[in-house]
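The data block below is upload11.cif; it holds mmCIF, C-alpha atoms.
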```
data_data
#
loop_
_atom_site.label_atom_id
_atom_site.label_comp_id
_atom_site.auth_asym_id
_atom_site.auth_seq_id
_atom_site.Cartn_x
_atom_site.Cartn_y
_atom_site.Cartn_z
CA MET A 1 3.60 27.04 6.01
CA ARG A 2 7.24 28.11 6.23
CA ASP A 3 9.84 26.29 4.21
CA GLU A 4 12.49 26.37 6.89
CA PRO A 5 11.19 26.32 10.42
CA PRO A 6 13.70 27.55 12.97
CA ALA A 7 15.64 24.76 14.64
CA ARG A 8 13.77 23.77 17.79
CA ALA A 9 16.54 21.67 19.22
CA THR A 10 20.19 20.88 18.78
CA TYR A 11 21.32 17.33 18.28
CA HIS A 12 24.60 15.50 18.27
CA HIS A 13 25.25 14.18 14.79
CA GLY A 14 24.22 10.56 15.49
CA ASP A 15 21.26 11.57 17.62
CA LEU A 16 19.80 13.71 14.86
CA ARG A 17 20.05 10.84 12.39
CA ALA A 18 18.26 8.57 14.86
CA ALA A 19 15.60 11.24 15.50
CA LEU A 20 15.04 11.65 11.75
CA VAL A 21 14.67 7.90 11.25
CA GLU A 22 12.26 7.75 14.17
CA ALA A 23 10.18 10.59 12.68
CA GLY A 24 10.24 8.88 9.27
CA LEU A 25 9.05 5.61 10.81
CA LYS A 26 6.14 7.45 12.40
CA LEU A 27 5.17 9.21 9.15
CA ILE A 28 5.31 5.97 7.16
CA GLU A 29 2.55 4.49 9.28
CA GLU A 30 0.31 7.41 8.36
CA ARG A 31 0.76 7.50 4.59
CA ALA A 32 2.48 5.80 1.65
CA ALA A 33 6.28 5.96 1.53
CA ASP A 34 6.16 7.91 -1.73
CA ASP A 35 4.18 10.70 -0.05
CA ILE A 36 6.77 11.44 2.62
CA SER A 37 9.08 14.41 2.10
CA LEU A 38 12.42 15.18 3.69
CA ARG A 39 11.05 18.62 4.58
CA GLU A 40 8.23 17.03 6.54
CA VAL A 41 10.65 14.83 8.46
CA ALA A 42 12.73 17.92 9.23
CA ARG A 43 9.62 19.71 10.48
CA ALA A 44 8.64 16.76 12.69
CA VAL A 45 12.06 16.79 14.36
CA GLY A 46 12.25 20.59 14.51
CA VAL A 47 15.39 21.10 12.42
CA SER A 48 16.06 22.81 9.10
CA ALA A 49 15.88 20.94 5.80
CA THR A 50 19.59 21.71 5.41
CA ALA A 51 20.35 19.78 8.59
CA VAL A 52 18.46 16.80 7.19
CA TYR A 53 20.37 16.84 3.90
CA ARG A 54 23.60 16.27 5.82
CA HIS A 55 22.29 12.83 6.78
CA PHE A 56 20.01 12.05 3.88
CA PRO A 57 20.90 13.73 0.58
CA ASP A 58 17.58 12.67 -0.95
CA LYS A 59 14.37 10.84 -0.18
CA ALA A 60 15.74 7.57 -1.52
CA ALA A 61 18.47 7.70 1.15
CA LEU A 62 15.89 8.25 3.89
CA LEU A 63 13.66 5.43 2.65
CA ALA A 64 16.68 3.12 2.47
CA ALA A 65 17.47 3.94 6.10
CA LEU A 66 13.83 3.35 7.11
CA ALA A 67 13.73 0.02 5.25
CA GLY A 68 17.00 -1.05 6.88
CA GLU A 69 15.76 -0.08 10.33
CA GLY A 70 12.47 -1.86 9.62
CA LEU A 71 14.26 -5.04 8.65
CA ALA A 72 16.37 -4.86 11.81
CA ARG A 73 13.24 -4.45 13.97
CA LEU A 74 11.47 -7.29 12.19
CA GLY A 75 14.52 -9.48 12.88
CA GLU A 76 14.53 -8.47 16.54
CA ALA A 77 10.82 -9.25 16.89
CA GLN A 78 11.40 -12.67 15.33
CA ALA A 79 14.42 -13.41 17.51
CA ALA A 80 12.51 -12.44 20.65
CA ALA A 81 9.58 -14.64 19.63
CA ALA A 82 11.87 -17.60 18.92
CA GLU A 83 13.55 -17.24 22.31
CA ALA A 84 10.23 -16.91 24.12
CA ALA A 85 9.08 -20.12 22.44
CA GLY A 86 12.21 -21.98 23.55
CA GLY A 87 13.83 -22.37 20.11
CA GLY A 88 13.64 -25.49 17.93
CA ALA A 89 10.56 -26.13 15.81
CA ALA A 90 8.37 -24.12 18.20
CA GLY A 91 10.82 -21.23 17.93
CA PHE A 92 10.85 -21.34 14.15
CA ASN A 93 7.07 -21.47 14.20
CA ALA A 94 7.07 -18.39 16.44
CA THR A 95 9.31 -16.44 14.04
CA GLY A 96 6.70 -16.99 11.33
CA VAL A 97 3.84 -15.78 13.49
CA ALA A 98 5.97 -12.80 14.58
CA TYR A 99 6.52 -11.93 10.90
CA VAL A 100 2.78 -11.70 10.29
CA ARG A 101 2.19 -9.79 13.54
CA PHE A 102 4.89 -7.28 12.59
CA ALA A 103 3.28 -6.74 9.17
CA LEU A 104 -0.14 -6.12 10.71
CA ALA A 105 1.28 -3.78 13.37
CA HIS A 106 3.43 -1.79 10.90
CA PRO A 107 1.80 -2.09 7.47
CA GLY A 108 3.52 0.95 5.95
CA LEU A 109 6.95 -0.11 7.13
CA PHE A 110 6.36 -3.72 6.12
CA ARG A 111 5.42 -2.68 2.58
CA LEU A 112 8.44 -0.39 2.38
CA ILE A 113 10.85 -3.11 3.51
CA PHE A 114 9.76 -5.51 0.80
CA SER A 115 9.36 -3.06 -2.02
CA HIS A 116 12.79 -1.75 -1.26
CA SER A 117 14.90 -3.82 -3.63
CA ARG A 118 13.03 -2.08 -6.45
CA ARG A 119 14.26 1.30 -5.24
CA PRO A 120 17.62 2.92 -5.84
CA GLY A 121 20.13 3.36 -3.05
CA SER A 122 19.57 0.15 -1.13
CA ALA A 123 23.07 -0.24 0.29
CA GLY A 124 22.94 -1.21 3.95
CA TRP A 125 19.53 -2.71 3.33
CA ASP A 126 21.20 -5.37 1.21
CA GLU A 127 23.50 -6.39 4.05
CA ARG A 128 20.66 -6.62 6.54
CA SER A 129 18.57 -8.51 4.05
CA GLN A 130 21.36 -10.99 3.42
CA GLU A 131 21.86 -11.44 7.14
CA ALA A 132 18.13 -12.15 7.57
CA MET A 133 18.33 -14.73 4.78
CA ARG A 134 21.36 -16.38 6.39
CA MET A 135 19.47 -16.65 9.70
CA LEU A 136 16.45 -18.16 7.95
CA GLN A 137 18.61 -20.67 6.04
CA ALA A 138 20.52 -21.65 9.19
CA ASN A 139 17.29 -22.21 11.11
CA ALA A 140 15.84 -24.18 8.22
CA ALA A 141 19.00 -26.32 7.98
CA ARG A 142 18.71 -27.22 11.68
CA LEU A 143 15.05 -28.15 11.24
CA VAL A 144 15.40 -30.35 8.18
CA GLY A 145 18.40 -32.10 9.78
CA ASP A 146 20.16 -34.60 7.53
CA ARG A 147 17.86 -34.07 4.57
CA GLY A 148 20.50 -31.75 3.14
CA GLU A 149 21.03 -28.26 1.83
CA ALA A 150 18.54 -28.34 -1.04
CA ALA A 151 15.79 -29.45 1.33
CA ALA A 152 16.74 -26.65 3.74
CA ARG A 153 16.63 -24.06 0.96
CA LEU A 154 13.22 -25.27 -0.17
CA PHE A 155 11.88 -25.35 3.39
CA ALA A 156 13.16 -21.81 4.01
CA LEU A 157 11.58 -20.53 0.79
CA ARG A 158 8.25 -22.19 1.58
CA ALA A 159 8.27 -20.86 5.13
CA TRP A 160 9.02 -17.30 3.98
CA ALA A 161 6.50 -17.39 1.14
CA LEU A 162 3.79 -18.74 3.45
CA VAL A 163 4.12 -16.00 6.06
CA HIS A 164 4.67 -13.30 3.45
CA GLY A 165 1.57 -14.45 1.59
CA LEU A 166 -0.48 -14.51 4.80
CA ALA A 167 0.71 -11.02 5.73
CA VAL A 168 0.01 -9.50 2.30
CA LEU A 169 -3.38 -11.20 1.89
CA ILE A 170 -4.48 -9.94 5.30
CA LEU A 171 -3.12 -6.42 4.68
CA ASP A 172 -4.92 -6.33 1.32
CA GLY A 173 -8.19 -7.38 2.92
CA GLN A 174 -8.32 -10.73 1.11
CA VAL A 175 -8.06 -12.87 4.22
CA GLU A 176 -9.45 -12.20 7.68
CA ALA A 177 -6.93 -11.06 10.31
CA ASP A 178 -7.47 -14.18 12.40
CA MET A 179 -4.28 -14.80 14.36
CA ALA A 180 -5.44 -18.22 15.56
CA MET A 181 -5.74 -19.24 11.90
CA VAL A 182 -2.31 -17.75 11.17
CA GLU A 183 -0.78 -19.68 14.06
CA ALA A 184 -2.42 -22.89 12.89
CA ALA A 185 -1.24 -22.38 9.30
CA VAL A 186 2.35 -21.60 10.33
CA GLY A 187 2.40 -24.34 12.96
CA GLU A 188 1.24 -27.00 10.53
CA HIS A 189 3.75 -25.83 7.97
CA VAL A 190 6.63 -26.25 10.39
CA ALA A 191 5.33 -29.53 11.78
CA LEU A 192 4.98 -31.05 8.29
CA GLY A 193 8.09 -29.54 6.73
CA ALA A 194 10.50 -30.16 9.57
CA GLY A 195 9.46 -33.76 10.10
CA MET B 1 -3.66 16.25 -27.74
CA ARG B 2 -7.39 16.54 -28.35
CA ASP B 3 -9.81 15.81 -25.57
CA GLU B 4 -12.32 14.00 -27.74
CA PRO B 5 -10.86 12.17 -30.70
CA PRO B 6 -13.41 11.40 -33.43
CA ALA B 7 -14.87 7.91 -33.19
CA ARG B 8 -12.78 5.61 -35.36
CA ALA B 9 -15.18 2.72 -35.28
CA THR B 10 -18.71 1.82 -34.34
CA TYR B 11 -19.40 -0.95 -31.87
CA HIS B 12 -22.38 -2.91 -30.72
CA HIS B 13 -22.99 -2.14 -27.05
CA GLY B 14 -21.46 -5.35 -25.66
CA ASP B 15 -18.58 -5.31 -28.11
CA LEU B 16 -17.52 -1.83 -27.08
CA ARG B 17 -17.48 -2.83 -23.41
CA ALA B 18 -15.30 -5.83 -24.27
CA ALA B 19 -13.01 -3.65 -26.39
CA LEU B 20 -12.66 -1.14 -23.54
CA VAL B 21 -11.81 -3.90 -21.07
CA GLU B 22 -9.27 -5.31 -23.50
CA ALA B 23 -7.67 -1.88 -23.93
CA GLY B 24 -7.62 -1.41 -20.15
CA LEU B 25 -5.94 -4.79 -19.65
CA LYS B 26 -3.25 -3.77 -22.13
CA LEU B 27 -2.66 -0.40 -20.43
CA ILE B 28 -2.45 -1.96 -17.00
CA GLU B 29 0.58 -3.98 -18.02
CA GLU B 30 2.37 -0.78 -18.97
CA ARG B 31 1.75 1.31 -15.87
CA ALA B 32 0.14 1.32 -12.41
CA ALA B 33 -3.64 1.01 -12.25
CA ASP B 34 -3.90 4.43 -10.63
CA ASP B 35 -2.25 6.07 -13.65
CA ILE B 36 -4.80 4.85 -16.17
CA SER B 37 -7.51 7.27 -17.29
CA LEU B 38 -10.87 6.57 -18.91
CA ARG B 39 -9.93 9.09 -21.60
CA GLU B 40 -6.85 7.08 -22.47
CA VAL B 41 -8.86 3.88 -22.74
CA ALA B 42 -11.31 5.71 -25.02
CA ARG B 43 -8.43 6.89 -27.19
CA ALA B 44 -6.96 3.38 -27.43
CA VAL B 45 -10.29 2.02 -28.70
CA GLY B 46 -10.98 5.04 -30.91
CA VAL B 47 -14.23 6.18 -29.33
CA SER B 48 -15.26 9.34 -27.49
CA ALA B 49 -14.97 9.66 -23.72
CA THR B 50 -18.76 10.03 -23.67
CA ALA B 51 -19.12 6.58 -25.21
CA VAL B 52 -16.91 5.16 -22.47
CA TYR B 53 -18.92 6.78 -19.68
CA ARG B 54 -21.97 4.83 -20.86
CA HIS B 55 -20.19 1.63 -19.80
CA PHE B 56 -17.94 2.90 -17.02
CA PRO B 57 -19.19 6.00 -15.20
CA ASP B 58 -15.80 6.42 -13.47
CA LYS B 59 -12.36 4.91 -13.21
CA ALA B 60 -13.34 2.76 -10.23
CA ALA B 61 -15.94 1.05 -12.41
CA LEU B 62 -13.37 0.32 -15.11
CA LEU B 63 -10.82 -1.01 -12.58
CA ALA B 64 -13.52 -3.21 -11.04
CA ALA B 65 -14.25 -4.66 -14.48
CA LEU B 66 -10.54 -5.22 -15.12
CA ALA B 67 -10.07 -6.90 -11.74
CA GLY B 68 -13.10 -9.12 -12.38
CA GLU B 69 -11.86 -10.07 -15.84
CA GLY B 70 -8.39 -10.69 -14.38
CA LEU B 71 -9.79 -13.02 -11.74
CA ALA B 72 -11.76 -14.89 -14.39
CA ARG B 73 -8.64 -15.33 -16.54
CA LEU B 74 -6.57 -16.45 -13.56
CA GLY B 75 -9.26 -19.04 -12.80
CA GLU B 76 -9.27 -20.23 -16.42
CA ALA B 77 -5.47 -20.56 -16.42
CA GLN B 78 -5.65 -22.59 -13.21
CA ALA B 79 -8.46 -24.82 -14.48
CA ALA B 80 -6.57 -25.50 -17.72
CA ALA B 81 -3.42 -26.35 -15.77
CA ALA B 82 -5.32 -28.70 -13.45
CA GLU B 83 -6.89 -30.50 -16.39
CA ALA B 84 -3.58 -30.79 -18.22
CA ALA B 85 -2.07 -32.35 -15.08
CA GLY B 86 -4.89 -34.90 -14.85
CA GLY B 87 -6.58 -33.55 -11.71
CA GLY B 88 -6.05 -34.88 -8.19
CA ALA B 89 -3.02 -33.81 -6.18
CA ALA B 90 -1.01 -33.20 -9.37
CA GLY B 91 -3.83 -31.02 -10.65
CA PHE B 92 -4.01 -28.99 -7.45
CA ASN B 93 -0.23 -28.61 -7.58
CA ALA B 94 -0.56 -27.33 -11.16
CA THR B 95 -3.12 -24.70 -10.14
CA GLY B 96 -0.58 -23.30 -7.68
CA VAL B 97 2.18 -23.12 -10.26
CA ALA B 98 -0.29 -21.56 -12.74
CA TYR B 99 -1.10 -18.88 -10.13
CA VAL B 100 2.56 -17.84 -9.90
CA ARG B 101 3.01 -18.01 -13.70
CA PHE B 102 -0.03 -15.77 -14.18
CA ALA B 103 1.35 -13.23 -11.69
CA LEU B 104 4.71 -13.11 -13.46
CA ALA B 105 3.11 -12.85 -16.91
CA HIS B 106 0.61 -10.14 -15.87
CA PRO B 107 2.12 -8.27 -12.91
CA GLY B 108 -0.06 -5.16 -13.25
CA LEU B 109 -3.27 -7.14 -13.51
CA PHE B 110 -2.23 -9.48 -10.69
CA ARG B 111 -1.60 -6.54 -8.36
CA LEU B 112 -4.90 -4.95 -9.35
CA ILE B 113 -6.87 -8.14 -8.68
CA PHE B 114 -5.59 -8.45 -5.15
CA SER B 115 -5.65 -4.82 -4.17
CA HIS B 116 -9.20 -4.64 -5.40
CA SER B 117 -11.11 -5.30 -2.21
CA ARG B 118 -9.61 -2.05 -0.89
CA ARG B 119 -11.21 -0.10 -3.72
CA PRO B 120 -14.78 1.13 -3.99
CA GLY B 121 -17.22 -0.41 -6.45
CA SER B 122 -16.17 -4.02 -6.25
CA ALA B 123 -19.51 -5.60 -7.09
CA GLY B 124 -19.08 -8.42 -9.60
CA TRP B 125 -15.53 -8.85 -8.39
CA ASP B 126 -16.91 -10.09 -5.08
CA GLU B 127 -18.94 -12.79 -6.81
CA ARG B 128 -16.00 -13.98 -8.86
CA SER B 129 -13.76 -13.88 -5.83
CA GLN B 130 -16.23 -15.94 -3.82
CA GLU B 131 -16.52 -18.44 -6.65
CA ALA B 132 -12.71 -18.77 -6.76
CA MET B 133 -12.68 -19.36 -2.99
CA ARG B 134 -15.39 -22.01 -3.33
CA MET B 135 -13.34 -23.81 -5.98
CA LEU B 136 -10.23 -23.69 -3.82
CA GLN B 137 -12.11 -24.97 -0.75
CA ALA B 138 -13.74 -27.78 -2.76
CA ASN B 139 -10.40 -28.88 -4.17
CA ALA B 140 -8.82 -28.70 -0.73
CA ALA B 141 -11.66 -30.74 0.77
CA ARG B 142 -11.12 -33.48 -1.82
CA LEU B 143 -7.40 -33.54 -1.09
CA VAL B 144 -7.59 -33.71 2.70
CA GLY B 145 -10.24 -36.43 2.46
CA ASP B 146 -11.75 -37.46 5.77
CA ARG B 147 -9.65 -35.08 7.86
CA GLY B 148 -12.63 -32.73 7.85
CA GLU B 149 -13.67 -29.20 7.05
CA ALA B 150 -11.30 -27.34 9.39
CA ALA B 151 -8.33 -29.22 7.90
CA ALA B 152 -9.55 -28.37 4.39
CA ARG B 153 -9.90 -24.67 5.27
CA LEU B 154 -6.41 -24.61 6.72
CA PHE B 155 -4.93 -26.46 3.77
CA ALA B 156 -6.64 -24.06 1.35
CA LEU B 157 -5.37 -21.02 3.24
CA ARG B 158 -1.82 -22.36 3.37
CA ALA B 159 -1.88 -23.25 -0.33
CA TRP B 160 -3.13 -19.79 -1.30
CA ALA B 161 -0.75 -17.95 1.00
CA LEU B 162 2.20 -19.98 -0.27
CA VAL B 163 1.63 -19.23 -3.96
CA HIS B 164 0.61 -15.63 -3.25
CA GLY B 165 3.77 -15.14 -1.20
CA LEU B 166 5.95 -16.69 -3.90
CA ALA B 167 4.33 -14.50 -6.57
CA VAL B 168 4.68 -11.26 -4.58
CA LEU B 169 8.24 -11.97 -3.43
CA ILE B 170 9.30 -12.68 -7.02
CA LEU B 171 7.46 -9.62 -8.40
CA ASP B 172 9.09 -7.43 -5.73
CA GLY B 173 12.54 -8.76 -6.59
CA GLN B 174 13.04 -10.49 -3.24
CA VAL B 175 13.20 -14.01 -4.63
CA GLU B 176 14.62 -15.17 -7.96
CA ALA B 177 12.09 -16.04 -10.66
CA ASP B 178 13.13 -19.68 -10.70
CA MET B 179 10.12 -21.70 -11.84
CA ALA B 180 11.78 -25.03 -11.00
CA MET B 181 12.06 -23.80 -7.42
CA VAL B 182 8.44 -22.63 -7.49
CA GLU B 183 7.29 -26.03 -8.77
CA ALA B 184 9.30 -27.80 -6.09
CA ALA B 185 7.92 -25.54 -3.34
CA VAL B 186 4.30 -25.95 -4.47
CA GLY B 187 4.72 -29.67 -5.14
CA GLU B 188 6.13 -30.35 -1.69
CA HIS B 189 3.36 -28.30 -0.11
CA VAL B 190 0.68 -30.36 -1.79
CA ALA B 191 2.45 -33.67 -1.16
CA LEU B 192 2.84 -32.94 2.57
CA GLY B 193 -0.50 -31.28 3.15
CA ALA B 194 -2.71 -33.64 1.21
CA GLY B 195 -1.21 -36.79 2.73
#
```

Do you think you could lay out the structure here as structure tokens?
Amino acid sequence: MRDEPPARATYHHGDLRAALVEAGLKLIEERAADDISLREVARAVGVSATAVYRHFPDKAALLAALAGEGLARLGEAQAAAAEAAGGGAAGFNATGVAYVRFALAHPGLFRLIFSHSRRPGSAGWDERSQEAMRMLQANAARLVGDRGEAAARLFALRAWALVHGLAVLILDGQVEADMAMVEAAVGEHVALGAG
Amino acid sequence: MRDEPPARATYHHGDLRAALVEAGLKLIEERAADDISLREVARAVGVSATAVYRHFPDKAALLAALAGEGLARLGEAQAAAAEAAGGGAAGFNATGVAYVRFALAHPGLFRLIFSHSRRPGSAGWDERSQEAMRMLQANAARLVGDRGEAAARLFALRAWALVHGLAVLILDGQVEADMAMVEAAVGEHVALGAG
């Protein structure tokens, strides 16, 4: 295997970054994040390793970009699900089910997203993560109504922990991947907690 | 470093197994399960690698024993917490808090326990795992009363997912290790779900 394959294509600066992220996202579904190399991503896109280093000086930088992109896609999937369900309690419910669905559809990316705060170089990820938390808190505040901020924080934490636990237990083979059961568990949570 | 250190001690058959498990449990808190070797466990106990192989033919067998022992200890911690809380809803609540406390006190072991079904050689673990599930279901059935078996199954799943999610999110640095918050989240879950 050659170290530096000849460039197969030319890219505008931003396009190459996007192509590298896309290639990284594909690789991460095939193996653990730690087993991905920048060289491999370069090869997948058909550019030299040197071209990759211009965007991602090291693997940590690439993984940070993948985690950030993953978080953005998870947020989009949740927003789409909420809108499809018509918002309100049903919409919040749908964001929880969408969270579990996303985890099952993209296990490698899901694990990367949530192991990311333990990795160096998480700038950008932090912002997206904080934005996701703000969205969750705002939704929770609407649902708990006049029960106040502490109740909203607790409801948000319980909602997140429930869907995260479901996702991880299913991914780790502890719980059956039964989406009807997931929907019932999330639905009951919202119905009881938002009341 | 020698491959086969001279035996430092003699053990009765059962005692050596227990000593090896104990040494493995200690090592697993210091590094990832995959980085532990049988040789290292032998060295920690002061016996030859050959003596270890009599009990654990390979690393998978050792990890299975560690996961089984971990599950047993988690169950004991939960049972003790339930008893201290006087049983009932408060007792169930306490088992959830004990689950999170155990995870935070023994992160390596906790991760091993719940990644274990993905590993080969999980006999023994399966039995203990099934027993833990039976306990959870029985407790859930008592709490939901005459709402029936499906309600109990759902309540049990939600309770497990909630505490598992809290534990994993805290271990992964996503959520602050605030035990008052954990107690509030678990307490509210039980209060709402058992009603």

>> Taking all atoms listed in the file into account and nothing else, which residues of chain B lie no more than 9 Å away from chain A? Please answer as a ChimeraX atom specification.
In response: /B:114-118,154-155,157-169,172-175,181,184-186,188-189,192-193

>> Please expand the PyMOL selection byres ((chain B and resi 65) around 9) into the concrete residues it hits in this file, giving the result as a PyMOL selection string.
In response: chain B and resi 21+56+60-64+66-70+122+124-125

>> Since I can't run it myself right now, could you work out what the PyMOL selection byres ((chain B and resi 25) around 9) selects here and report it as number ranges by chain?
In response: B: 20-24, 26-29, 66, 69-70, 108-109

As lines of an AutoDock Vina configuration file: centre and edge lengths in Å, one decimal, of the axis-aligned box holding region 161-165 of chain B with 3 Å per side:
```
center_x = 1.5
center_y = -17.6
center_z = -1.5
size_x = 10.5
size_y = 10.8
size_z = 11.0
```

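Going from CA of Ser48 (chain A) to CA of Leu112 (chain A) covers 25.3 Å.
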
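The space between CA of Ala90 (chain B) and CA of Val190 (chain A) spans 22.3 Å.
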
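The spacing separating CA of Ala72 (chain A) from CA of Met135 (chain A) amounts to 12.4 Å.
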
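Using the PyMOL selection byres ((chain B and resi 95) around 9) on the file at hand returns these residues: Gly75, Ala77, Gln78, Ala79, Ala80, Ala81, Ala82, Ala90, Gly91, Phe92, Asn93, Ala94, Gly96, Val97, Ala98, Tyr99 and Val100 of chain B.
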